[in-house]
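> What follows is query_5.cif; its format and atoms are mmCIF, C-alpha atoms.
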```cif
data_protein
loop_
_atom_site.label_atom_id
_atom_site.label_comp_id
_atom_site.auth_asym_id
_atom_site.auth_seq_id
_atom_site.Cartn_x
_atom_site.Cartn_y
_atom_site.Cartn_z
CA MET A 17 -89.57 -38.68 -49.03
CA GLN A 18 -87.93 -38.43 -45.59
CA TYR A 19 -85.82 -40.86 -43.58
CA LYS A 20 -85.72 -40.79 -39.80
CA ILE A 21 -82.41 -42.32 -38.73
CA THR A 22 -81.31 -43.51 -35.29
CA GLY A 23 -77.87 -44.85 -34.52
CA PRO A 24 -76.77 -48.16 -32.96
CA GLU A 25 -75.14 -48.41 -29.53
CA ARG A 26 -72.46 -50.69 -30.98
CA LEU A 27 -70.61 -50.31 -34.26
CA ASN A 28 -68.91 -53.45 -35.56
CA VAL A 29 -69.34 -54.17 -39.27
CA THR A 30 -67.65 -55.01 -42.56
CA ILE A 31 -68.79 -52.80 -45.46
CA ASN A 32 -68.07 -53.31 -49.16
CA LEU A 33 -67.79 -49.76 -50.43
CA PRO A 34 -68.66 -48.82 -54.01
CA ALA A 35 -65.90 -48.67 -56.57
CA SER A 36 -64.28 -45.31 -57.17
CA LYS A 37 -66.50 -43.08 -59.31
CA SER A 38 -63.49 -40.92 -60.20
CA ILE A 39 -61.46 -43.85 -61.51
CA SER A 40 -64.47 -45.51 -63.17
CA ASN A 41 -65.34 -42.47 -65.25
CA ARG A 42 -61.73 -41.88 -66.28
CA ALA A 43 -61.25 -45.52 -67.21
CA LEU A 44 -64.47 -45.57 -69.25
CA ILE A 45 -63.43 -42.55 -71.35
CA ILE A 46 -59.94 -43.94 -71.92
CA HIS A 47 -61.31 -47.40 -72.65
CA ALA A 48 -63.59 -45.86 -75.30
CA LEU A 49 -60.68 -43.93 -76.81
CA SER A 50 -58.65 -47.15 -76.94
CA GLY A 51 -61.33 -48.87 -79.00
CA GLY A 52 -60.98 -51.96 -76.84
CA ALA A 53 -63.59 -54.59 -76.09
CA GLU A 54 -62.74 -55.35 -72.43
CA ILE A 55 -64.89 -53.17 -70.16
CA PRO A 56 -63.12 -52.22 -66.89
CA GLU A 57 -63.98 -54.49 -63.96
CA ASN A 58 -65.57 -53.44 -60.66
CA LEU A 59 -67.11 -50.29 -62.14
CA SER A 60 -69.01 -48.00 -59.79
CA ASP A 61 -72.76 -48.64 -59.74
CA CYS A 62 -73.57 -44.98 -59.09
CA ASP A 63 -75.75 -42.74 -61.24
CA ASP A 64 -72.82 -40.75 -62.64
CA THR A 65 -71.07 -43.86 -63.95
CA ALA A 66 -74.32 -45.30 -65.33
CA VAL A 67 -74.76 -42.06 -67.31
CA MET A 68 -71.24 -42.44 -68.73
CA ILE A 69 -71.72 -46.11 -69.66
CA ARG A 70 -75.02 -45.40 -71.41
CA ALA A 71 -73.68 -42.40 -73.33
CA LEU A 72 -70.57 -44.21 -74.58
CA LYS A 73 -72.53 -47.33 -75.53
CA GLU A 74 -75.48 -45.71 -77.27
CA MET A 75 -73.98 -42.38 -78.45
CA PRO A 76 -77.42 -40.81 -79.09
CA ASP A 77 -77.74 -37.51 -80.93
CA VAL A 78 -78.77 -35.87 -77.65
CA ILE A 79 -76.86 -36.97 -74.55
CA ASP A 80 -78.52 -36.02 -71.26
CA VAL A 81 -76.06 -36.44 -68.38
CA GLY A 82 -78.58 -35.43 -65.72
CA ALA A 83 -76.70 -34.07 -62.71
CA ALA A 84 -73.39 -35.79 -63.55
CA GLY A 85 -70.81 -33.02 -63.68
CA THR A 86 -67.89 -35.37 -64.35
CA SER A 87 -69.73 -36.86 -67.32
CA MET A 88 -70.52 -33.41 -68.71
CA ARG A 89 -66.87 -32.31 -68.63
CA PHE A 90 -65.30 -35.60 -69.77
CA LEU A 91 -67.82 -36.25 -72.55
CA THR A 92 -67.52 -32.70 -73.88
CA ALA A 93 -63.81 -33.28 -74.53
CA TYR A 94 -64.37 -36.84 -75.78
CA LEU A 95 -67.08 -35.86 -78.27
CA SER A 96 -64.88 -33.06 -79.61
CA THR A 97 -62.39 -35.66 -80.90
CA LYS A 98 -64.89 -38.18 -82.31
CA GLU A 99 -66.48 -37.69 -85.72
CA GLY A 100 -70.18 -36.96 -85.39
CA ARG A 101 -72.58 -34.31 -84.18
CA HIS A 102 -74.11 -34.37 -80.71
CA VAL A 103 -75.94 -32.20 -78.23
CA ILE A 104 -74.98 -32.64 -74.57
CA THR A 105 -77.24 -31.33 -71.82
CA GLY A 106 -78.29 -31.98 -68.23
CA THR A 107 -80.56 -30.93 -65.39
CA GLU A 108 -81.55 -27.34 -64.73
CA ARG A 109 -78.77 -27.15 -62.13
CA MET A 110 -76.28 -28.57 -64.65
CA GLN A 111 -77.23 -25.80 -67.05
CA GLN A 112 -76.21 -23.33 -64.33
CA ARG A 113 -72.77 -24.87 -63.80
CA PRO A 114 -70.05 -23.15 -65.84
CA ILE A 115 -68.17 -24.96 -68.58
CA GLY A 116 -66.75 -22.00 -70.51
CA VAL A 117 -63.13 -22.53 -69.49
CA LEU A 118 -63.16 -26.06 -70.94
CA VAL A 119 -65.02 -25.03 -74.10
CA ASP A 120 -62.60 -22.16 -74.71
CA ALA A 121 -59.63 -24.51 -74.29
CA LEU A 122 -61.12 -27.09 -76.66
CA ARG A 123 -61.87 -24.38 -79.23
CA ARG A 124 -58.22 -23.32 -79.11
CA LEU A 125 -57.38 -26.92 -80.00
CA GLY A 126 -59.74 -26.67 -82.98
CA ALA A 127 -62.99 -28.06 -81.56
CA GLU A 128 -66.34 -26.92 -82.98
CA ILE A 129 -68.64 -26.25 -80.00
CA THR A 130 -71.69 -23.98 -79.85
CA TYR A 131 -73.81 -22.99 -76.84
CA LEU A 132 -77.51 -23.82 -77.19
CA SER A 133 -80.70 -22.66 -75.52
CA ALA A 134 -82.49 -25.14 -73.24
CA ASP A 135 -84.80 -26.17 -76.12
CA PHE A 136 -81.80 -26.51 -78.51
CA LYS A 137 -83.47 -24.12 -81.00
CA SER A 138 -81.32 -21.02 -80.66
CA GLN A 139 -78.05 -19.60 -79.41
CA GLY A 140 -77.60 -20.33 -75.71
CA ARG A 141 -76.03 -18.55 -72.77
CA GLU A 142 -72.28 -18.20 -73.26
CA GLY A 143 -70.31 -20.42 -70.91
CA TYR A 144 -73.08 -22.85 -69.89
CA PRO A 145 -74.67 -26.06 -71.24
CA PRO A 146 -76.39 -27.28 -73.38
CA LEU A 147 -73.65 -27.66 -76.00
CA TYR A 148 -73.70 -28.59 -79.69
CA ILE A 149 -70.48 -30.43 -80.60
CA ASN A 150 -69.32 -31.21 -84.13
CA GLY A 151 -66.54 -33.71 -83.48
CA ASN A 152 -63.45 -33.98 -85.64
CA SER A 153 -59.73 -34.73 -85.55
CA LEU A 154 -57.91 -32.06 -83.52
CA GLU A 155 -54.35 -30.88 -84.07
CA GLY A 156 -53.33 -30.31 -80.45
CA GLY A 157 -50.11 -28.63 -79.38
CA VAL A 158 -49.41 -26.13 -76.60
CA LEU A 159 -52.31 -24.98 -74.39
CA GLU A 160 -52.42 -22.72 -71.34
CA VAL A 161 -55.21 -22.79 -68.73
CA PRO A 162 -55.48 -21.52 -65.15
CA GLY A 163 -54.35 -24.01 -62.51
CA ASN A 164 -57.13 -23.07 -60.10
CA ILE A 165 -59.99 -24.29 -62.31
CA SER A 166 -61.80 -27.56 -61.64
CA SER A 167 -59.49 -30.53 -62.06
CA GLN A 168 -62.25 -32.12 -64.15
CA TYR A 169 -61.57 -29.56 -66.91
CA ILE A 170 -57.87 -30.35 -66.79
CA SER A 171 -58.45 -34.11 -66.71
CA ALA A 172 -60.85 -33.86 -69.67
CA LEU A 173 -58.16 -32.14 -71.73
CA LEU A 174 -55.43 -34.53 -70.66
CA MET A 175 -57.37 -37.68 -71.50
CA ILE A 176 -57.84 -36.66 -75.14
CA GLY A 177 -54.16 -35.64 -75.39
CA PRO A 178 -52.89 -38.90 -76.93
CA MET A 179 -55.55 -38.63 -79.66
CA LEU A 180 -54.40 -35.17 -80.80
CA GLN A 181 -52.17 -35.03 -83.88
CA LYS A 182 -49.43 -33.14 -82.04
CA GLY A 183 -50.21 -34.43 -78.58
CA LEU A 184 -50.66 -31.88 -75.83
CA GLN A 185 -48.42 -29.69 -73.72
CA LEU A 186 -50.59 -28.25 -70.96
CA HIS A 187 -49.31 -25.23 -68.99
CA LEU A 188 -51.20 -24.56 -65.74
CA THR A 189 -50.84 -20.95 -64.65
CA GLY A 190 -50.93 -19.80 -61.03
CA ASP A 191 -51.73 -22.06 -58.11
CA VAL A 192 -52.69 -25.62 -59.08
CA VAL A 193 -55.63 -26.96 -57.03
CA SER A 194 -56.82 -30.57 -56.78
CA ARG A 195 -53.43 -31.83 -57.97
CA PRO A 196 -54.15 -35.39 -56.70
CA TYR A 197 -57.07 -35.66 -59.14
CA ILE A 198 -54.76 -34.64 -61.99
CA ASP A 199 -52.22 -37.25 -60.85
CA LEU A 200 -55.00 -39.84 -60.75
CA THR A 201 -55.87 -39.04 -64.36
CA LEU A 202 -52.24 -39.36 -65.43
CA GLN A 203 -51.98 -42.73 -63.66
CA VAL A 204 -55.02 -44.17 -65.46
CA MET A 205 -53.81 -42.76 -68.79
CA ASN A 206 -50.39 -44.35 -68.35
CA ASP A 207 -52.00 -47.62 -67.23
CA TYR A 208 -53.61 -47.69 -70.68
CA GLY A 209 -50.34 -47.07 -72.49
CA ALA A 210 -50.19 -43.28 -72.75
CA ASN A 211 -46.99 -41.33 -72.20
CA ALA A 212 -48.15 -38.46 -69.99
CA GLU A 213 -46.20 -36.84 -67.19
CA TRP A 214 -45.29 -33.64 -65.40
CA SER A 215 -42.30 -32.11 -67.19
CA ASP A 216 -42.19 -29.13 -64.84
CA VAL A 217 -43.97 -28.03 -61.68
CA ASN A 218 -46.87 -26.56 -63.72
CA THR A 219 -46.49 -28.29 -67.12
CA ILE A 220 -47.77 -31.67 -68.32
CA ASP A 221 -46.62 -33.27 -71.59
CA VAL A 222 -48.80 -35.84 -73.35
CA ASP A 223 -47.29 -37.58 -76.37
CA PRO A 224 -49.43 -38.39 -79.42
CA ASN A 225 -49.98 -42.14 -79.47
CA THR A 226 -52.74 -44.71 -79.17
CA TYR A 227 -54.21 -46.04 -75.93
CA GLN A 228 -53.81 -49.79 -75.53
CA SER A 229 -56.82 -51.89 -74.58
CA ARG A 230 -56.15 -53.97 -71.47
CA PRO A 231 -57.88 -55.63 -68.52
CA TYR A 232 -58.45 -53.04 -65.81
CA ARG A 233 -59.91 -53.30 -62.30
CA ILE A 234 -61.26 -50.27 -60.45
CA GLU A 235 -60.28 -49.88 -56.80
CA ASN A 236 -62.85 -48.99 -54.16
CA ASP A 237 -63.76 -45.43 -53.26
CA TRP A 238 -61.88 -43.52 -50.58
CA SER A 239 -64.44 -40.69 -50.79
CA ALA A 240 -67.19 -43.10 -49.71
CA SER A 241 -65.04 -44.27 -46.81
CA SER A 242 -65.14 -40.77 -45.29
CA TYR A 243 -68.68 -41.29 -43.95
CA TRP A 244 -67.58 -44.44 -42.10
CA TYR A 245 -64.64 -42.53 -40.67
CA GLU A 246 -67.17 -39.92 -39.53
CA MET A 247 -69.30 -42.61 -37.87
CA MET A 248 -66.23 -43.98 -36.12
CA ALA A 249 -65.33 -40.50 -34.84
CA LEU A 250 -68.87 -39.87 -33.55
CA THR A 251 -69.80 -43.23 -32.04
CA LYS A 252 -69.75 -43.61 -28.26
CA ASP A 253 -68.71 -47.25 -28.63
CA GLU A 254 -65.08 -47.36 -27.48
CA GLU A 255 -64.70 -50.87 -28.95
CA ALA A 256 -66.10 -49.93 -32.35
CA GLN A 257 -64.60 -51.44 -35.49
CA VAL A 258 -65.36 -50.94 -39.18
CA VAL A 259 -63.66 -53.07 -41.85
CA LEU A 260 -63.53 -51.69 -45.41
CA PRO A 261 -62.21 -54.13 -48.05
CA GLY A 262 -60.66 -52.99 -51.30
CA LEU A 263 -59.13 -49.64 -50.30
CA LEU A 264 -55.54 -49.45 -51.48
CA ASP A 265 -52.60 -48.17 -49.46
CA GLY A 266 -50.71 -45.77 -51.70
CA SER A 267 -53.83 -44.97 -53.74
CA ARG A 268 -53.69 -41.97 -56.07
CA GLN A 269 -57.21 -41.03 -55.01
CA GLY A 270 -56.85 -37.60 -53.42
CA ASP A 271 -59.46 -38.43 -50.80
CA SER A 272 -57.25 -41.19 -49.40
CA ALA A 273 -55.93 -38.32 -47.24
CA VAL A 274 -59.06 -38.94 -45.16
CA ARG A 275 -57.13 -41.49 -43.09
CA TYR A 276 -54.54 -38.93 -41.98
CA LEU A 277 -57.08 -36.22 -41.24
CA PHE A 278 -59.37 -38.46 -39.21
CA ASN A 279 -56.39 -39.68 -37.21
CA MET A 280 -56.48 -36.19 -35.67
CA LEU A 281 -60.15 -36.78 -34.78
CA GLY A 282 -59.64 -40.07 -32.96
CA VAL A 283 -59.79 -42.69 -35.73
CA ARG A 284 -56.97 -45.17 -36.33
CA THR A 285 -56.46 -46.85 -39.74
CA THR A 286 -54.68 -50.18 -40.21
CA PHE A 287 -54.06 -52.11 -43.44
CA GLN A 288 -54.03 -55.89 -43.71
CA PRO A 289 -53.67 -58.17 -46.75
CA SER A 290 -56.75 -60.15 -47.72
CA TYR A 291 -57.04 -63.46 -49.47
CA ASP A 292 -59.02 -62.36 -52.52
CA GLU A 293 -58.66 -59.99 -55.44
CA GLN A 294 -59.57 -56.96 -53.32
CA LYS A 295 -55.99 -56.98 -52.02
CA THR A 296 -56.32 -55.15 -48.71
CA LEU A 297 -58.58 -54.80 -45.71
CA VAL A 298 -58.74 -51.41 -44.02
CA THR A 299 -59.80 -51.54 -40.36
CA LEU A 300 -60.99 -48.45 -38.51
CA THR A 301 -60.78 -48.32 -34.71
CA ARG A 302 -60.85 -45.56 -32.11
CA HIS A 303 -58.14 -43.86 -30.12
CA ASN A 304 -58.46 -41.03 -27.61
CA ARG A 305 -56.05 -38.43 -29.00
CA VAL A 306 -58.18 -35.70 -30.57
CA VAL A 307 -56.90 -32.25 -31.58
CA PRO A 308 -58.51 -29.25 -29.83
CA ARG A 309 -58.81 -27.39 -33.16
CA LEU A 310 -58.52 -28.34 -36.85
CA ASP A 311 -57.21 -26.03 -39.57
CA TYR A 312 -56.82 -27.42 -43.08
CA ASP A 313 -56.74 -26.37 -46.74
CA PHE A 314 -59.08 -28.63 -48.74
CA LYS A 315 -57.95 -27.46 -52.19
CA ASN A 316 -56.77 -31.01 -52.97
CA GLN A 317 -59.75 -32.81 -51.33
CA PRO A 318 -62.81 -30.56 -51.79
CA ASP A 319 -65.24 -33.51 -51.64
CA LEU A 320 -64.21 -34.17 -48.01
CA ALA A 321 -65.13 -30.70 -46.80
CA GLN A 322 -68.77 -31.42 -45.89
CA THR A 323 -67.79 -34.50 -43.90
CA PHE A 324 -65.23 -32.62 -41.83
CA VAL A 325 -67.37 -29.53 -41.27
CA VAL A 326 -70.20 -31.69 -39.91
CA THR A 327 -67.90 -33.95 -37.88
CA CYS A 328 -66.04 -31.09 -36.21
CA CYS A 329 -69.30 -29.38 -35.26
CA ALA A 330 -70.63 -32.61 -33.75
CA LEU A 331 -67.40 -33.13 -31.77
CA GLY A 332 -67.26 -29.49 -30.66
CA ILE A 333 -63.91 -28.92 -32.39
CA PRO A 334 -63.40 -25.36 -33.75
CA PHE A 335 -62.05 -25.20 -37.28
CA HIS A 336 -60.82 -23.02 -40.11
CA PHE A 337 -61.11 -24.71 -43.49
CA ALA A 338 -59.77 -23.06 -46.66
CA GLY A 339 -59.60 -24.06 -50.34
CA LEU A 340 -63.38 -24.32 -50.70
CA GLY A 341 -63.95 -21.96 -53.64
CA ASN A 342 -65.22 -24.69 -55.96
CA LEU A 343 -67.91 -25.71 -53.47
CA ARG A 344 -70.07 -22.85 -54.75
CA ILE A 345 -70.47 -24.52 -58.17
CA LYS A 346 -70.93 -28.17 -57.16
CA GLU A 347 -74.27 -30.05 -57.20
CA THR A 348 -75.47 -27.16 -55.06
CA ASP A 349 -73.81 -24.18 -53.39
CA ARG A 350 -72.29 -26.39 -50.72
CA ILE A 351 -71.04 -23.50 -48.57
CA LEU A 352 -74.52 -21.99 -48.29
CA ALA A 353 -76.11 -25.44 -47.85
CA LEU A 354 -73.78 -26.30 -44.96
CA GLN A 355 -74.43 -22.98 -43.24
CA THR A 356 -78.21 -23.31 -43.63
CA GLU A 357 -78.50 -26.90 -42.40
CA LEU A 358 -76.03 -26.59 -39.51
CA ARG A 359 -77.88 -23.48 -38.33
CA LYS A 360 -80.92 -25.72 -37.84
CA LEU A 361 -78.81 -27.67 -35.33
CA GLY A 362 -77.51 -24.56 -33.53
CA PHE A 363 -74.15 -24.16 -35.31
CA GLU A 364 -73.35 -20.76 -36.86
CA ILE A 365 -70.65 -21.25 -39.50
CA GLU A 366 -68.82 -18.21 -40.85
CA ASP A 367 -68.12 -17.88 -44.57
CA ARG A 368 -65.03 -15.89 -45.54
CA ASN A 369 -63.93 -14.86 -49.06
CA ASP A 370 -66.32 -17.38 -50.66
CA SER A 371 -63.64 -20.02 -50.11
CA GLU A 372 -63.29 -20.53 -46.34
CA LEU A 373 -65.47 -21.79 -43.51
CA LEU A 374 -64.82 -21.08 -39.84
CA TRP A 375 -66.42 -22.08 -36.57
CA ASP A 376 -65.37 -20.80 -33.13
CA GLY A 377 -66.97 -23.63 -31.16
CA LYS A 378 -69.97 -21.66 -29.90
CA ARG A 379 -73.51 -22.96 -30.25
CA GLY A 380 -76.87 -21.25 -30.45
CA LYS A 381 -80.39 -22.55 -30.13
CA ALA A 382 -81.29 -25.48 -32.35
CA GLN A 383 -84.63 -25.87 -34.08
CA THR A 384 -87.18 -28.23 -32.59
CA ASN A 385 -87.41 -31.36 -34.74
CA PRO A 386 -85.18 -30.10 -37.58
CA VAL A 387 -85.29 -31.73 -41.02
CA ILE A 388 -82.07 -31.72 -43.03
CA ASP A 389 -82.49 -30.70 -46.67
CA THR A 390 -80.16 -32.27 -49.23
CA TYR A 391 -80.37 -29.81 -52.17
CA GLU A 392 -80.07 -32.63 -54.73
CA ASP A 393 -76.56 -33.18 -53.32
CA HIS A 394 -75.54 -36.71 -52.37
CA ARG A 395 -72.79 -35.55 -50.02
CA MET A 396 -75.18 -33.46 -47.93
CA ALA A 397 -77.26 -36.56 -47.16
CA MET A 398 -74.29 -38.79 -46.40
CA ALA A 399 -72.40 -36.25 -44.29
CA PHE A 400 -75.40 -35.39 -42.07
CA ALA A 401 -76.81 -38.90 -41.53
CA PRO A 402 -74.06 -39.97 -39.03
CA LEU A 403 -75.16 -37.17 -36.69
CA CYS A 404 -77.73 -39.64 -35.37
CA LEU A 405 -74.83 -41.03 -33.30
CA VAL A 406 -74.74 -37.71 -31.41
CA PHE A 407 -78.36 -36.57 -31.58
CA PRO A 408 -81.31 -38.83 -30.67
CA GLU A 409 -82.28 -38.98 -34.34
CA VAL A 410 -81.68 -37.25 -37.67
CA VAL A 411 -84.34 -36.65 -40.32
CA ILE A 412 -83.11 -36.38 -43.92
CA ARG A 413 -85.33 -35.02 -46.69
CA ASN A 414 -84.91 -36.52 -50.19
CA PRO A 415 -82.46 -39.22 -49.09
CA GLU A 416 -82.52 -40.87 -52.53
CA VAL A 417 -79.86 -38.39 -53.76
CA VAL A 418 -77.14 -40.79 -52.54
CA THR A 419 -77.53 -42.81 -55.76
CA LYS A 420 -75.29 -40.24 -57.46
CA SER A 421 -72.18 -41.80 -55.89
CA TYR A 422 -73.12 -44.43 -53.24
CA PRO A 423 -76.41 -46.17 -54.17
CA HIS A 424 -76.40 -48.69 -51.31
CA TYR A 425 -75.48 -46.19 -48.57
CA TRP A 426 -78.73 -46.57 -46.65
CA GLU A 427 -78.66 -50.36 -46.91
CA ASP A 428 -75.09 -50.32 -45.57
CA LEU A 429 -76.20 -48.20 -42.61
CA GLN A 430 -78.90 -50.72 -41.83
CA THR A 431 -76.35 -53.53 -42.04
CA ALA A 432 -74.34 -51.63 -39.42
CA GLY A 433 -77.35 -51.47 -37.08
CA PHE A 434 -78.77 -48.05 -37.90
CA LYS A 435 -82.56 -47.86 -37.87
CA ILE A 436 -84.17 -46.08 -40.79
CA VAL A 437 -87.89 -45.26 -40.90
CA GLU A 438 -89.49 -43.70 -43.94
#
```
Can you turn what I pasted into structure tokens?


Amino acid sequence: MQYKITGPERLNVTINLPASKSISNRALIIHALSGGAEIPENLSDCDDTAVMIRALKEMPDVIDVGAAGTSMRFLTAYLSTKEGRHVITGTERMQQRPIGVLVDALRRLGAEITYLSADFKSQGREGYPPLYINGNSLEGGVLEVPGNISSQYISALLMIGPMLQKGLQLHLTGDVVSRPYIDLTLQVMNDYGANAEWSDVNTIDVDPNTYQSRPYRIENDWSASSYWYEMMALTKDEEAQVVLPGLLDGSRQGDSAVRYLFNMLGVRTTFQPSYDEQKTLVTLTRHNRVVPRLDYDFKNQPDLAQTFVVTCCALGIPFHFAGLGNLRIKETDRILALQTELRKLGFEIEDRNDSELLWDGKRGKAQTNPVIDTYEDHRMAMAFAPLCLVFPEVVIRNPEVVTKSYPHYWEDLQTAGFKIVE
């Protein structure tokens, strides 16, 4: 399937973004550990959260998480603490994404986890799914892991901390990346009655206790807002306005930094109270102060990298972006995917040290009638679609990948006046 997308001349719309996938999946795991009956409200309707809901509700012998990396990491830790035997697997790409650091850490806590072959009949490749997990009560105690691993590994360990007999003291060695995602996990844990906090700059203490069931409402997703910020930066409509209900000022979502970064690219953010349970209205408008160059370290907001790479190219703003090492092991190799697809449009992006992307502002020859490939990666589709505000049209191949995090993305674009032809 392909979508041909053309942009509107005017941009004035109110968009109800999906709920935060990051918070939804954390709240679901903690809710399950609490044993409570009240499901969190305003859960994300994305594929990754649907996978989590189904797994926790049905608990089949074989749990297939598809392409949901968060579910793979969180459920691996969760199943290690729950009595029962399960196999957890995923797509072919998921079976290429490393999980050894988390498995090693769980084994040091006493977990029984074995790597399986793709057909579950023999020993598998060390460090990669599928996994066979024999869940049991774990002792816990002191654990040391590198601070530069995926925050999902760290969050998975933290969330089971209260269920461990001795709790958990987690030492993170070296540089700690994606710290806002760790803070988000601690916030949701504490909201459910845990006692978990930083006791030192690189140490987190989690006391052994029981999560408390409680009503819980998920806030909307700052990551999803980034594509509307991109549209606001790229539109030629000087009077453009986008209203996004349900985004919280002071949110612990790391990607809430999008509002500060896009301020440097000509987008103003204002907060207003609303008169319903969504609490705030965020309004995006334009201003004319744009930086001539953007340098930034995305180690705390890696999911924003594709949006900013594409936006800066479209605006002709040279950049140097660091902290992108984890992009190699996401839904696809996002560094290579960005280079390949932007080259179709005449942009040559330099890769440095497998963790940096640079562009000097120069353009080459673009392909005639390019088609943007998405590589089974939702963020590739959503980051490239707004380019139709700069180019006459954009063609996206396999646009359905957006269901992983933002299922109604294309419908929202149409609401905003974008034309989409299949």

> Have a look at CA of Glu438 in chain A and CA of Gln18 in chain A and let me know their distance in Å, one decimal.

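We find that CA of Glu438 in chain A and CA of Gln18 in chain A lie 5.7 Å from each other.
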
> For the PyMOL selection byres ((chain A and resi 275) around 12), applied here, can you spell out every residue it catches as a PyMOL selection string?

chain A and resi 238-239+241-246+248-249+263-267+269-274+276-287+298-301+320

> Which neighbours of Lys378 in chain A fall inside 9 Å, counting all atoms listed in the file, when residues of the same chain fewer than 4 positions from it are skipped, and could you give them as a list in words?

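The residues satisfying every condition are Gly332, Pro334, Gly362, Phe363 and Glu364 of chain A.
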
> Residue by residue, what does the PyMOL selection byres ((chain A and resi 222) around 12) grab here? Present the result as number ranges by chain.

A: 156-159, 171, 173-187, 201-202, 205-206, 209-215, 219-221, 223-227

> Please write the residues from the selection above to a file, keeping C-alpha atoms, as a PDB file, keeping the file's coordinate frame.


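So out-v2.pdb came out as:
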```pdb
ATOM      1  CA  GLY A 156     -53.330 -30.310 -80.450  1.00  0.00           C
ATOM      2  CA  GLY A 157     -50.110 -28.630 -79.380  1.00  0.00           C
ATOM      3  CA  VAL A 158     -49.410 -26.130 -76.600  1.00  0.00           C
ATOM      4  CA  LEU A 159     -52.310 -24.980 -74.390  1.00  0.00           C
ATOM      5  CA  SER A 171     -58.450 -34.110 -66.710  1.00  0.00           C
ATOM      6  CA  LEU A 173     -58.160 -32.140 -71.730  1.00  0.00           C
ATOM      7  CA  LEU A 174     -55.430 -34.530 -70.660  1.00  0.00           C
ATOM      8  CA  MET A 175     -57.370 -37.680 -71.500  1.00  0.00           C
ATOM      9  CA  ILE A 176     -57.840 -36.660 -75.140  1.00  0.00           C
ATOM     10  CA  GLY A 177     -54.160 -35.640 -75.390  1.00  0.00           C
ATOM     11  CA  PRO A 178     -52.890 -38.900 -76.930  1.00  0.00           C
ATOM     12  CA  MET A 179     -55.550 -38.630 -79.660  1.00  0.00           C
ATOM     13  CA  LEU A 180     -54.400 -35.170 -80.800  1.00  0.00           C
ATOM     14  CA  GLN A 181     -52.170 -35.030 -83.880  1.00  0.00           C
ATOM     15  CA  LYS A 182     -49.430 -33.140 -82.040  1.00  0.00           C
ATOM     16  CA  GLY A 183     -50.210 -34.430 -78.580  1.00  0.00           C
ATOM     17  CA  LEU A 184     -50.660 -31.880 -75.830  1.00  0.00           C
ATOM     18  CA  GLN A 185     -48.420 -29.690 -73.720  1.00  0.00           C
ATOM     19  CA  LEU A 186     -50.590 -28.250 -70.960  1.00  0.00           C
ATOM     20  CA  HIS A 187     -49.310 -25.230 -68.990  1.00  0.00           C
ATOM     21  CA  THR A 201     -55.870 -39.040 -64.360  1.00  0.00           C
ATOM     22  CA  LEU A 202     -52.240 -39.360 -65.430  1.00  0.00           C
ATOM     23  CA  MET A 205     -53.810 -42.760 -68.790  1.00  0.00           C
ATOM     24  CA  ASN A 206     -50.390 -44.350 -68.350  1.00  0.00           C
ATOM     25  CA  GLY A 209     -50.340 -47.070 -72.490  1.00  0.00           C
ATOM     26  CA  ALA A 210     -50.190 -43.280 -72.750  1.00  0.00           C
ATOM     27  CA  ASN A 211     -46.990 -41.330 -72.200  1.00  0.00           C
ATOM     28  CA  ALA A 212     -48.150 -38.460 -69.990  1.00  0.00           C
ATOM     29  CA  GLU A 213     -46.200 -36.840 -67.190  1.00  0.00           C
ATOM     30  CA  TRP A 214     -45.290 -33.640 -65.400  1.00  0.00           C
ATOM     31  CA  SER A 215     -42.300 -32.110 -67.190  1.00  0.00           C
ATOM     32  CA  THR A 219     -46.490 -28.290 -67.120  1.00  0.00           C
ATOM     33  CA  ILE A 220     -47.770 -31.670 -68.320  1.00  0.00           C
ATOM     34  CA  ASP A 221     -46.620 -33.270 -71.590  1.00  0.00           C
ATOM     35  CA  ASP A 223     -47.290 -37.580 -76.370  1.00  0.00           C
ATOM     36  CA  PRO A 224     -49.430 -38.390 -79.420  1.00  0.00           C
ATOM     37  CA  ASN A 225     -49.980 -42.140 -79.470  1.00  0.00           C
ATOM     38  CA  THR A 226     -52.740 -44.710 -79.170  1.00  0.00           C
ATOM     39  CA  TYR A 227     -54.210 -46.040 -75.930  1.00  0.00           C
TER      40      TYR A 227
END
```

> Need the axis-aligned box for range 354-369 of chain A with 6 Å each side, so what are the centre and edges in Å to one decimal, as AutoDock Vina command-line options?


```
--center_x -72.4 --center_y -21.3 --center_z -41.3 --size_x 29.0 --size_y 24.8 --size_z 27.5
```

> Here's the selection I'm unsure about, the PyMOL selection byres ((chain A and resi 314) around 12); applied to the file above, which residues does it give, as a VMD selection string?

chain A and resid 193 to 196 270 to 271 273 to 274 277 310 to 313 315 to 325 336 to 343 371 to 373

> Using all atoms listed in the file, find the one residue out of A:Thr97, A:Thr105, A:Ser87, A:Ser167 that sits nearest to Val117 in chain A.

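Smallest distance to Val117 in chain A is found for A:Ser167.
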
> Would you compute the distance between CA of Leu200 in chain A and CA of Met75 in chain A? Give it in Å to one decimal.

26.1 Å

> Would you mind listing what lies within 9 Å of Phe136 in chain A as a VMD selection string, with only C-alpha atoms counted and same-chain residues fewer than 2 positions away left out?

chain A and resid 103 131 to 134 138 to 140 146 to 148

> Which is closer to Glu416 in chain A than all the others in A:Ala432, A:Ala397, A:Ala43, A:Ile234, using all atoms listed in the file?

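Smallest distance to Glu416 in chain A is found for A:Ala397.
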
> CA of Arg309 in chain A to CA of Phe335 in chain A: how many Å, to one decimal?

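Atom-to-atom, CA of Arg309 in chain A to CA of Phe335 in chain A, that is 5.7 Å.
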